[in-house]
Amino acid sequence: MHKKLFIPGPVDVRQDILDAFATPMIGHRAKDVMTLQERISDNLRKVFHTENAIILSTSSGTGLMEGAIRSFTAKRAVVFSVGAFGNRWAELGETNGVPVDKVEVEWGNPTLPDVVDDYLSTGKYDVFTITHNETSTGIMNPVEAIADMRKKYPDVFWLVDAVSSMGGVKIDVDKLGIDVCITSTQKCLGLPPGMACASVTERAIDYAKKVKNRGFYFDFVTLYKFVKDKPYQYPTTPSLPHMFGLDKQLDYILNVEGLENRYARHAAMAKTAQKWAVDNGFELLAGEGYRSNTVTTIKNTRGIVVGDLGKRVGEKGYLLSNGYGSLKEKTFRIAHMADRTPEELQAYLDVLSAELKTL
Ligand SMILES: Cc1ncc(COP(=O)(O)O)c(C=O)c1O
């Protein structure tokens, strides 16, 4: 039995998109592939709200995160972490020999602009990273306020992990002034895992050209060159199935559902999940104003065995998400992203409520 996925990625993928993945292969240097990559990039620009270049990567999002911290840091990067995926930025820096400082809050708290200001004002950094939506804690960081503060430091490059929010929450990349914004296909975009996408500013690429040891596969300068100088090619062999699927799904997102409706659906599902948690005697890990629209992290204040609840709902055909890492059993998560409908979420919550009574 296929369990309905209520984990924060991978997500359930519509059958018409899975069918697009089965399109017969064509030569990856064929003109049709360049046209396909150009159309995907034009449509992704609408989803990212940007005029910047779009980079595709045959990898999950971590690949482009690794490429970004390595390609754009000449001096030192400061990583603002609010959970497991914030910490990943620091690990990526450390394991690639990139000098990084990590500023980590107690999990459940956001990154506040004043803290970022304190670090950027030292003049020590040429890069800072923010996790837009921390999937472990269910925190959505206040990127508008961070962007306002950041106007004082236009020369520091801003890298954003939007892996679990892009396509489900409006992130106005150009208005915010984000230099590199990264997402993965298996979250809010509603595709299988295996491709990552990013927007990147030309000024960041110009700076990266001076950075040594950018690596090969995830070097942003090379990836950029292939979309700018050789219109819409990919340096190596891309995942063509992802490109077929992404093309179809972007048409659905932009022209069938519409971005605003998609954002509103995610926001409404978040409210439903939050209310369910409180109504059932739990607390939310994230404070008011910082709660994610795509994943709700619930504190296990009732002291249930989350693993047991997972087994029970599993028998009913659902995959529950336990807490991440050190938050396992202390929290559990309800994902409400991609093409999940409010009705499907309600059906899951009803099953959760019923099974909770049996624990
Ligand atoms: C916020 C966040 N950042 C980064 C990642 C890593 O992305 P990927 O698994 O696509 O490499 C994830 C994956 O769950 C994530 O949720």
# chains A, B, ... in the order shown; residues from 1 in each chain; ligands from 1

$ residues_around --residues "A:Thr35" --least-positions-apart "5" --cutoff "10 Å" --atoms "only C-alpha atoms" --output "PyMOL selection string"
chain A and resi 30+40-41+231-233

$ residues_around --residues "stretch 338-349 of chain A" --least-positions-apart "6" --cutoff "10 Å" --atoms "only C-alpha atoms" --output "NGL selection string"
:A and (4-6 or 8-14 or 164-168 or 185-191 or 253 or 257 or 262 or 265-266 or 268-270 or 272-273 or 276-277 or 294 or 313 or 316-320 or 355)

$ atom_distance --atom1 "atom CA of A:Val200" --atom2 "atom CA of A:Val180"
4.6 Å

$ closest_atom_pairs --of "chain A" --to "ligand 1" --cutoff "8 Å" --atoms "only C-alpha atoms and all ligand atoms" --output "Markdown table"
| residue | atom | partner | partner_atom_place_in_ligand_line | distance |
| --- | --- | --- | --- | --- |
| A:Pro8 | CA | ligand 1 | 14 (O) | 7.0 |
| A:Gly9 | CA | ligand 1 | 14 (O) | 6.4 |
| A:Ser59 | CA | ligand 1 | 11 (O) | 7.4 |
| A:Ser60 | CA | ligand 1 | 10 (O) | 3.8 |
| A:Gly61 | CA | ligand 1 | 10 (O) | 3.7 |
| A:Thr62 | CA | ligand 1 | 11 (O) | 3.6 |
| A:Gly63 | CA | ligand 1 | 11 (O) | 6.4 |
| A:Met65 | CA | ligand 1 | 4 (C) | 7.9 |
| A:Phe85 | CA | ligand 1 | 3 (N) | 4.8 |
| A:Gly86 | CA | ligand 1 | 3 (N) | 7.3 |
| A:Arg88 | CA | ligand 1 | 4 (C) | 7.6 |
| A:Thr131 | CA | ligand 1 | 1 (C) | 6.3 |
| A:His132 | CA | ligand 1 | 1 (C) | 7.3 |
| A:Asn133 | CA | ligand 1 | 1 (C) | 5.6 |
| A:Glu134 | CA | ligand 1 | 1 (C) | 4.6 |
| A:Thr135 | CA | ligand 1 | 16 (O) | 4.5 |
| A:Ser136 | CA | ligand 1 | 16 (O) | 7.1 |
| A:Asp161 | CA | ligand 1 | 3 (N) | 5.8 |
| A:Ala162 | CA | ligand 1 | 1 (C) | 6.5 |
| A:Val163 | CA | ligand 1 | 2 (C) | 4.9 |
| A:Ser164 | CA | ligand 1 | 16 (O) | 5.0 |
| A:Ser165 | CA | ligand 1 | 1 (C) | 7.9 |
| A:Thr183 | CA | ligand 1 | 10 (O) | 7.3 |
| A:Ser184 | CA | ligand 1 | 10 (O) | 4.8 |
| A:Thr185 | CA | ligand 1 | 10 (O) | 7.3 |
| A:Gln186 | CA | ligand 1 | 10 (O) | 7.0 |
| A:Pro193 | CA | ligand 1 | 10 (O) | 6.9 |
| A:Gly194 | CA | ligand 1 | 10 (O) | 7.4 |
| A:Met195 | CA | ligand 1 | 10 (O) | 7.7 |
| A:Ala196 | CA | ligand 1 | 10 (O) | 6.9 |

$ residues_around --residues "stretch 107-122 of chain A" --least-positions-apart "5" --cutoff "10 Å" --atoms "only C-alpha atoms" --output "PyMOL selection string"
chain A and resi 77-84+101+127-134+136-150+152-153+156+284-287+289-291+297+299+326-327

$ write_last_selection --atoms "N, CA and C atoms" --output "compact mmCIF listing (two decimals), in the first residue's frame"
# COMPACT_ATOMS: atom_id res chain seq x y z
N ALA A 77 32.48 33.26 5.67
CA ALA A 77 31.01 33.25 5.64
C ALA A 77 30.47 33.18 7.06
N VAL A 78 29.34 33.83 7.29
CA VAL A 78 28.67 33.65 8.58
C VAL A 78 27.32 32.98 8.32
N VAL A 79 27.10 31.88 9.04
CA VAL A 79 25.92 31.04 8.87
C VAL A 79 24.99 31.27 10.04
N PHE A 80 23.77 31.70 9.76
CA PHE A 80 22.79 31.87 10.84
C PHE A 80 21.89 30.64 10.84
N SER A 81 22.01 29.85 11.89
CA SER A 81 21.33 28.56 11.93
C SER A 81 20.19 28.57 12.95
N VAL A 82 19.03 28.07 12.51
CA VAL A 82 17.92 27.89 13.45
C VAL A 82 17.52 26.42 13.52
N GLY A 83 18.41 25.55 13.08
CA GLY A 83 18.08 24.12 13.14
C GLY A 83 19.02 23.28 12.31
N ALA A 84 18.59 22.06 11.99
CA ALA A 84 19.46 21.07 11.34
C ALA A 84 19.97 21.55 9.98
N ASP A 101 31.80 30.98 10.27
CA ASP A 101 31.39 31.10 11.67
C ASP A 101 29.91 30.74 11.71
N VAL A 127 30.01 36.78 2.90
CA VAL A 127 28.82 35.96 2.65
C VAL A 127 28.06 35.74 3.95
N PHE A 128 26.72 35.79 3.88
CA PHE A 128 25.94 35.29 5.01
C PHE A 128 24.81 34.41 4.50
N THR A 129 24.46 33.40 5.30
CA THR A 129 23.42 32.47 4.86
C THR A 129 22.24 32.49 5.85
N ILE A 130 21.06 32.35 5.28
CA ILE A 130 19.83 32.28 6.07
C ILE A 130 19.01 31.10 5.56
N THR A 131 18.40 30.38 6.48
CA THR A 131 17.45 29.34 6.10
C THR A 131 16.07 30.00 6.08
N HIS A 132 15.46 30.06 4.92
CA HIS A 132 14.14 30.71 4.90
C HIS A 132 13.13 29.94 5.73
N ASN A 133 13.11 28.62 5.51
CA ASN A 133 12.11 27.79 6.18
C ASN A 133 12.83 26.56 6.74
N GLU A 134 13.00 26.54 8.06
CA GLU A 134 13.78 25.45 8.69
C GLU A 134 12.86 24.26 8.91
N SER A 136 13.31 21.37 10.18
CA SER A 136 13.38 20.62 11.45
C SER A 136 12.51 21.27 12.53
N THR A 137 12.49 22.58 12.56
CA THR A 137 11.80 23.27 13.67
C THR A 137 10.48 23.91 13.26
N GLY A 138 10.23 23.98 11.95
CA GLY A 138 8.99 24.65 11.50
C GLY A 138 9.04 26.16 11.66
N ILE A 139 10.25 26.69 11.63
CA ILE A 139 10.44 28.15 11.72
C ILE A 139 10.52 28.74 10.32
N MET A 140 9.78 29.82 10.10
CA MET A 140 9.95 30.59 8.86
C MET A 140 10.58 31.91 9.28
N ASN A 141 11.78 32.15 8.80
CA ASN A 141 12.53 33.32 9.26
C ASN A 141 12.00 34.63 8.66
N PRO A 142 12.17 35.75 9.40
CA PRO A 142 11.64 37.04 8.96
C PRO A 142 12.54 37.68 7.89
N VAL A 143 12.47 37.15 6.67
CA VAL A 143 13.41 37.60 5.65
C VAL A 143 13.17 39.06 5.22
N GLU A 144 11.92 39.56 5.35
CA GLU A 144 11.68 40.96 4.97
C GLU A 144 12.46 41.88 5.91
N ALA A 145 12.39 41.61 7.20
CA ALA A 145 13.09 42.45 8.18
C ALA A 145 14.61 42.30 8.01
N ILE A 146 15.06 41.10 7.71
CA ILE A 146 16.49 40.89 7.49
C ILE A 146 16.93 41.67 6.24
N ALA A 147 16.08 41.64 5.21
CA ALA A 147 16.41 42.36 3.97
C ALA A 147 16.50 43.87 4.21
N ASP A 148 15.62 44.42 5.03
CA ASP A 148 15.66 45.86 5.34
C ASP A 148 16.97 46.22 6.01
N MET A 149 17.35 45.43 7.00
CA MET A 149 18.60 45.65 7.73
C MET A 149 19.80 45.51 6.79
N ARG A 150 19.71 44.52 5.91
CA ARG A 150 20.85 44.17 5.06
C ARG A 150 21.19 45.30 4.06
N LYS A 152 22.19 47.99 4.58
CA LYS A 152 23.43 48.65 5.05
C LYS A 152 24.67 47.92 4.55
N TYR A 153 24.50 46.68 4.11
CA TYR A 153 25.67 45.85 3.75
C TYR A 153 25.51 45.26 2.34
N VAL A 156 27.89 42.44 1.03
CA VAL A 156 27.94 41.08 1.59
C VAL A 156 26.90 40.24 0.83
N LEU A 284 2.92 24.44 19.93
CA LEU A 284 3.71 24.58 18.70
C LEU A 284 5.13 24.99 19.07
N LEU A 285 6.11 24.43 18.34
CA LEU A 285 7.50 24.77 18.68
C LEU A 285 7.81 26.23 18.32
N ALA A 286 7.32 26.66 17.18
CA ALA A 286 7.62 28.02 16.71
C ALA A 286 6.64 29.02 17.31
N GLY A 287 7.15 30.19 17.63
CA GLY A 287 6.29 31.24 18.19
C GLY A 287 5.47 31.92 17.10
N GLY A 289 4.10 34.37 14.50
CA GLY A 289 4.84 35.28 13.63
C GLY A 289 6.02 34.62 12.93
N TYR A 290 6.41 33.43 13.41
CA TYR A 290 7.57 32.75 12.81
C TYR A 290 7.21 31.32 12.40
N ARG A 291 5.91 31.07 12.27
CA ARG A 291 5.49 29.69 11.95
C ARG A 291 5.47 29.44 10.45
N THR A 297 5.74 22.05 13.17
CA THR A 297 6.45 21.22 14.15
C THR A 297 5.73 21.36 15.49
N LYS A 299 5.20 20.34 19.47
CA LYS A 299 5.89 19.86 20.68
C LYS A 299 5.09 18.72 21.28
N SER A 326 17.75 15.72 17.03
CA SER A 326 17.60 15.77 18.49
C SER A 326 16.15 16.05 18.89
N LEU A 327 15.31 16.42 17.93
CA LEU A 327 13.89 16.70 18.26
C LEU A 327 13.00 15.46 18.10

$ closest_residue --among "A:Pro241, A:Gly323, A:Gly281, A:Gly97" --to "A:Lys212" --atoms "only C-alpha atoms"
A:Gly97

$ select_by_dssp --residues "stretch 51-155 of chain A" --states "alpha helix (DSSP H)" --output "PyMOL selection string"
chain A and resi 61-72+84-95+113-120+143-150

$ write_last_selection --atoms "N, CA and C atoms" --output "tab-separated table (two decimals), in the first residue's frame"
chain	number	residue	atom	x	y	z
A	61	GLY	N	19.07	19.62	-3.26
A	61	GLY	CA	19.39	21.02	-2.92
A	61	GLY	C	20.75	21.19	-2.27
A	62	THR	N	21.15	20.19	-1.48
A	62	THR	CA	22.43	20.29	-0.77
A	62	THR	C	23.60	20.53	-1.74
A	63	GLY	N	23.50	19.96	-2.93
A	63	GLY	CA	24.55	20.16	-3.93
A	63	GLY	C	24.75	21.63	-4.24
A	64	LEU	N	23.64	22.33	-4.48
A	64	LEU	CA	23.78	23.76	-4.80
A	64	LEU	C	24.16	24.58	-3.56
A	65	MET	N	23.76	24.11	-2.37
A	65	MET	CA	24.20	24.81	-1.15
A	65	MET	C	25.72	24.70	-1.02
A	66	GLU	N	26.23	23.50	-1.29
A	66	GLU	CA	27.67	23.29	-1.22
A	66	GLU	C	28.38	24.16	-2.26
A	67	GLY	N	27.82	24.14	-3.47
A	67	GLY	CA	28.40	24.95	-4.55
A	67	GLY	C	28.39	26.43	-4.20
A	68	ALA	N	27.30	26.88	-3.57
A	68	ALA	CA	27.16	28.32	-3.29
A	68	ALA	C	28.16	28.77	-2.24
A	69	ILE	N	28.24	28.03	-1.13
A	69	ILE	CA	29.13	28.52	-0.07
A	69	ILE	C	30.58	28.47	-0.54
A	70	ARG	N	30.87	27.52	-1.40
A	70	ARG	CA	32.23	27.37	-1.90
A	70	ARG	C	32.54	28.38	-3.02
A	71	SER	N	31.54	28.69	-3.84
A	71	SER	CA	31.79	29.58	-4.99
A	71	SER	C	31.85	31.05	-4.60
A	72	PHE	N	31.13	31.45	-3.54
A	72	PHE	CA	30.98	32.89	-3.29
A	72	PHE	C	31.76	33.40	-2.08
A	84	ALA	N	18.59	22.06	11.99
A	84	ALA	CA	19.46	21.07	11.34
A	84	ALA	C	19.97	21.55	9.98
A	85	PHE	N	19.11	22.22	9.22
A	85	PHE	CA	19.54	22.59	7.87
A	85	PHE	C	20.36	23.86	7.87
A	86	GLY	N	20.20	24.69	8.89
A	86	GLY	CA	21.12	25.81	9.07
A	86	GLY	C	22.50	25.28	9.39
A	87	ASN	N	22.55	24.27	10.27
A	87	ASN	CA	23.84	23.68	10.62
A	87	ASN	C	24.53	23.07	9.39
A	88	ARG	N	23.69	22.61	8.45
A	88	ARG	CA	24.28	22.00	7.25
A	88	ARG	C	25.16	22.99	6.49
A	89	TRP	N	24.71	24.26	6.40
A	89	TRP	CA	25.52	25.28	5.71
A	89	TRP	C	26.92	25.31	6.32
A	90	ALA	N	26.98	25.26	7.67
A	90	ALA	CA	28.28	25.36	8.34
A	90	ALA	C	29.12	24.13	8.02
A	91	GLU	N	28.49	22.95	8.04
A	91	GLU	CA	29.22	21.71	7.71
A	91	GLU	C	29.75	21.75	6.29
A	92	LEU	N	28.93	22.29	5.39
A	92	LEU	CA	29.36	22.35	3.99
A	92	LEU	C	30.59	23.25	3.86
A	93	GLY	N	30.56	24.36	4.61
A	93	GLY	CA	31.73	25.24	4.59
A	93	GLY	C	32.95	24.52	5.15
A	94	GLU	N	32.78	23.95	6.36
A	94	GLU	CA	33.92	23.32	7.04
A	94	GLU	C	34.52	22.19	6.20
A	95	THR	N	33.66	21.35	5.62
A	95	THR	CA	34.19	20.19	4.88
A	95	THR	C	34.80	20.58	3.53
A	113	PRO	N	16.97	40.11	12.79
A	113	PRO	CA	17.82	41.02	12.03
A	113	PRO	C	18.92	41.69	12.86
A	114	ASP	N	18.63	42.00	14.12
A	114	ASP	CA	19.65	42.68	14.95
A	114	ASP	C	20.89	41.81	15.13
A	115	VAL	N	20.66	40.50	15.24
A	115	VAL	CA	21.79	39.58	15.42
A	115	VAL	C	22.63	39.55	14.13
A	116	VAL	N	21.94	39.48	13.00
A	116	VAL	CA	22.65	39.47	11.71
A	116	VAL	C	23.45	40.77	11.58
A	117	ASP	N	22.81	41.87	11.95
A	117	ASP	CA	23.44	43.20	11.90
A	117	ASP	C	24.75	43.20	12.71
A	118	ASP	N	24.68	42.67	13.93
A	118	ASP	CA	25.87	42.65	14.80
A	118	ASP	C	27.05	41.98	14.11
A	119	TYR	N	26.78	40.86	13.43
A	119	TYR	CA	27.87	40.12	12.79
A	119	TYR	C	28.35	40.81	11.52
A	120	LEU	N	27.40	41.28	10.69
A	120	LEU	CA	27.82	41.89	9.42
A	120	LEU	C	28.58	43.19	9.68
A	143	VAL	N	12.47	37.15	6.67
A	143	VAL	CA	13.41	37.60	5.65
A	143	VAL	C	13.17	39.06	5.22
A	144	GLU	N	11.92	39.56	5.35
A	144	GLU	CA	11.68	40.96	4.97
A	144	GLU	C	12.46	41.88	5.91
A	145	ALA	N	12.39	41.61	7.20
A	145	ALA	CA	13.09	42.45	8.18
A	145	ALA	C	14.61	42.30	8.01
A	146	ILE	N	15.06	41.10	7.71
A	146	ILE	CA	16.49	40.89	7.49
A	146	ILE	C	16.93	41.67	6.24
A	147	ALA	N	16.08	41.64	5.21
A	147	ALA	CA	16.41	42.36	3.97
A	147	ALA	C	16.50	43.87	4.21
A	148	ASP	N	15.62	44.42	5.03
A	148	ASP	CA	15.66	45.86	5.34
A	148	ASP	C	16.97	46.22	6.01
A	149	MET	N	17.35	45.43	7.00
A	149	MET	CA	18.60	45.65	7.73
A	149	MET	C	19.80	45.51	6.79
A	150	ARG	N	19.71	44.52	5.91
A	150	ARG	CA	20.85	44.17	5.06
A	150	ARG	C	21.19	45.30	4.06

$ select_by_dssp --residues "stretch 95-214 of chain A" --states "strand (DSSP E)" --output "PyMOL selection string"
chain A and resi 100-104+127-131+133-134+139-140+157-161+180-184+196-200

$ write_last_selection --atoms "N, CA, C and O atoms" --output "short mmCIF file (atom, residue, chain, number, x, y, z; two decimals), in the first residue's frame"
data_model
loop_
_atom_site.label_atom_id
_atom_site.label_comp_id
_atom_site.auth_asym_id
_atom_site.auth_seq_id
_atom_site.Cartn_x
_atom_site.Cartn_y
_atom_site.Cartn_z
N VAL A 100 34.16 29.51 8.00
CA VAL A 100 32.78 29.86 8.38
C VAL A 100 32.68 30.08 9.89
O VAL A 100 33.37 29.42 10.67
N ASP A 101 31.80 30.98 10.27
CA ASP A 101 31.39 31.10 11.67
C ASP A 101 29.91 30.74 11.71
O ASP A 101 29.14 31.17 10.84
N LYS A 102 29.55 29.96 12.73
CA LYS A 102 28.13 29.57 12.85
C LYS A 102 27.51 30.28 14.05
O LYS A 102 28.08 30.27 15.13
N VAL A 103 26.34 30.87 13.81
CA VAL A 103 25.59 31.53 14.88
C VAL A 103 24.28 30.76 15.02
O VAL A 103 23.41 30.85 14.16
N GLU A 104 24.18 29.97 16.10
CA GLU A 104 23.01 29.08 16.22
C GLU A 104 22.14 29.52 17.39
O GLU A 104 22.65 29.79 18.48
N VAL A 127 30.01 36.78 2.90
CA VAL A 127 28.82 35.96 2.65
C VAL A 127 28.06 35.74 3.95
O VAL A 127 28.69 35.55 5.00
N PHE A 128 26.72 35.79 3.88
CA PHE A 128 25.94 35.29 5.01
C PHE A 128 24.81 34.41 4.50
O PHE A 128 24.33 34.58 3.38
N THR A 129 24.46 33.40 5.30
CA THR A 129 23.42 32.47 4.86
C THR A 129 22.24 32.49 5.85
O THR A 129 22.43 32.62 7.06
N ILE A 130 21.06 32.35 5.28
CA ILE A 130 19.83 32.28 6.07
C ILE A 130 19.01 31.10 5.56
O ILE A 130 18.92 30.88 4.35
N THR A 131 18.40 30.38 6.48
CA THR A 131 17.45 29.34 6.10
C THR A 131 16.07 30.00 6.08
O THR A 131 15.61 30.48 7.12
N ASN A 133 13.11 28.62 5.51
CA ASN A 133 12.11 27.79 6.18
C ASN A 133 12.83 26.56 6.74
O ASN A 133 13.27 25.71 5.98
N GLU A 134 13.00 26.54 8.06
CA GLU A 134 13.78 25.45 8.69
C GLU A 134 12.86 24.26 8.91
O GLU A 134 11.97 24.29 9.78
N ILE A 139 10.25 26.69 11.63
CA ILE A 139 10.44 28.15 11.72
C ILE A 139 10.52 28.74 10.32
O ILE A 139 11.26 28.23 9.47
N MET A 140 9.78 29.82 10.10
CA MET A 140 9.95 30.59 8.86
C MET A 140 10.58 31.91 9.28
O MET A 140 9.99 32.66 10.07
N PHE A 157 27.34 39.12 0.28
CA PHE A 157 26.43 38.31 -0.53
C PHE A 157 25.51 37.48 0.36
O PHE A 157 25.95 36.91 1.36
N TRP A 158 24.25 37.45 -0.06
CA TRP A 158 23.21 36.81 0.76
C TRP A 158 22.75 35.51 0.09
O TRP A 158 22.20 35.55 -1.01
N LEU A 159 23.02 34.39 0.76
CA LEU A 159 22.59 33.07 0.26
C LEU A 159 21.41 32.60 1.09
O LEU A 159 21.46 32.62 2.32
N VAL A 160 20.35 32.16 0.41
CA VAL A 160 19.14 31.72 1.12
C VAL A 160 18.79 30.28 0.74
O VAL A 160 18.74 29.94 -0.44
N ASP A 161 18.57 29.48 1.76
CA ASP A 161 18.05 28.12 1.58
C ASP A 161 16.52 28.23 1.61
O ASP A 161 15.94 28.51 2.65
N VAL A 180 21.68 34.57 -3.92
CA VAL A 180 21.51 33.18 -4.36
C VAL A 180 20.38 32.57 -3.55
O VAL A 180 20.41 32.57 -2.32
N CYS A 181 19.37 32.07 -4.26
CA CYS A 181 18.22 31.46 -3.58
C CYS A 181 18.06 30.05 -4.14
O CYS A 181 17.99 29.86 -5.36
N ILE A 182 18.04 29.08 -3.24
CA ILE A 182 18.14 27.67 -3.65
C ILE A 182 16.90 26.89 -3.24
O ILE A 182 16.40 27.04 -2.11
N THR A 183 16.43 26.03 -4.13
CA THR A 183 15.36 25.11 -3.73
C THR A 183 15.57 23.73 -4.36
O THR A 183 16.42 23.56 -5.23
N SER A 184 14.80 22.76 -3.87
CA SER A 184 14.85 21.39 -4.37
C SER A 184 13.49 21.04 -4.96
O SER A 184 12.48 21.60 -4.56
N ALA A 196 17.80 20.35 -8.31
CA ALA A 196 17.77 21.58 -7.50
C ALA A 196 17.79 22.77 -8.45
O ALA A 196 18.27 22.66 -9.59
N CYS A 197 17.27 23.89 -7.98
CA CYS A 197 17.20 25.10 -8.81
C CYS A 197 17.64 26.28 -7.96
O CYS A 197 17.36 26.31 -6.76
N ALA A 198 18.29 27.24 -8.59
CA ALA A 198 18.69 28.44 -7.85
C ALA A 198 18.63 29.65 -8.76
O ALA A 198 18.80 29.54 -9.98
N SER A 199 18.39 30.81 -8.14
CA SER A 199 18.58 32.07 -8.85
C SER A 199 19.90 32.65 -8.37
O SER A 199 20.30 32.44 -7.22
N VAL A 200 20.56 33.40 -9.26
CA VAL A 200 21.85 33.97 -8.87
C VAL A 200 22.05 35.32 -9.56
O VAL A 200 21.72 35.48 -10.73
#

$ closest_residue --among "A:Ser57, A:Asn261, A:Ser239, A:Gly245" --to "A:Phe220" --atoms "only C-alpha atoms"
A:Ser57
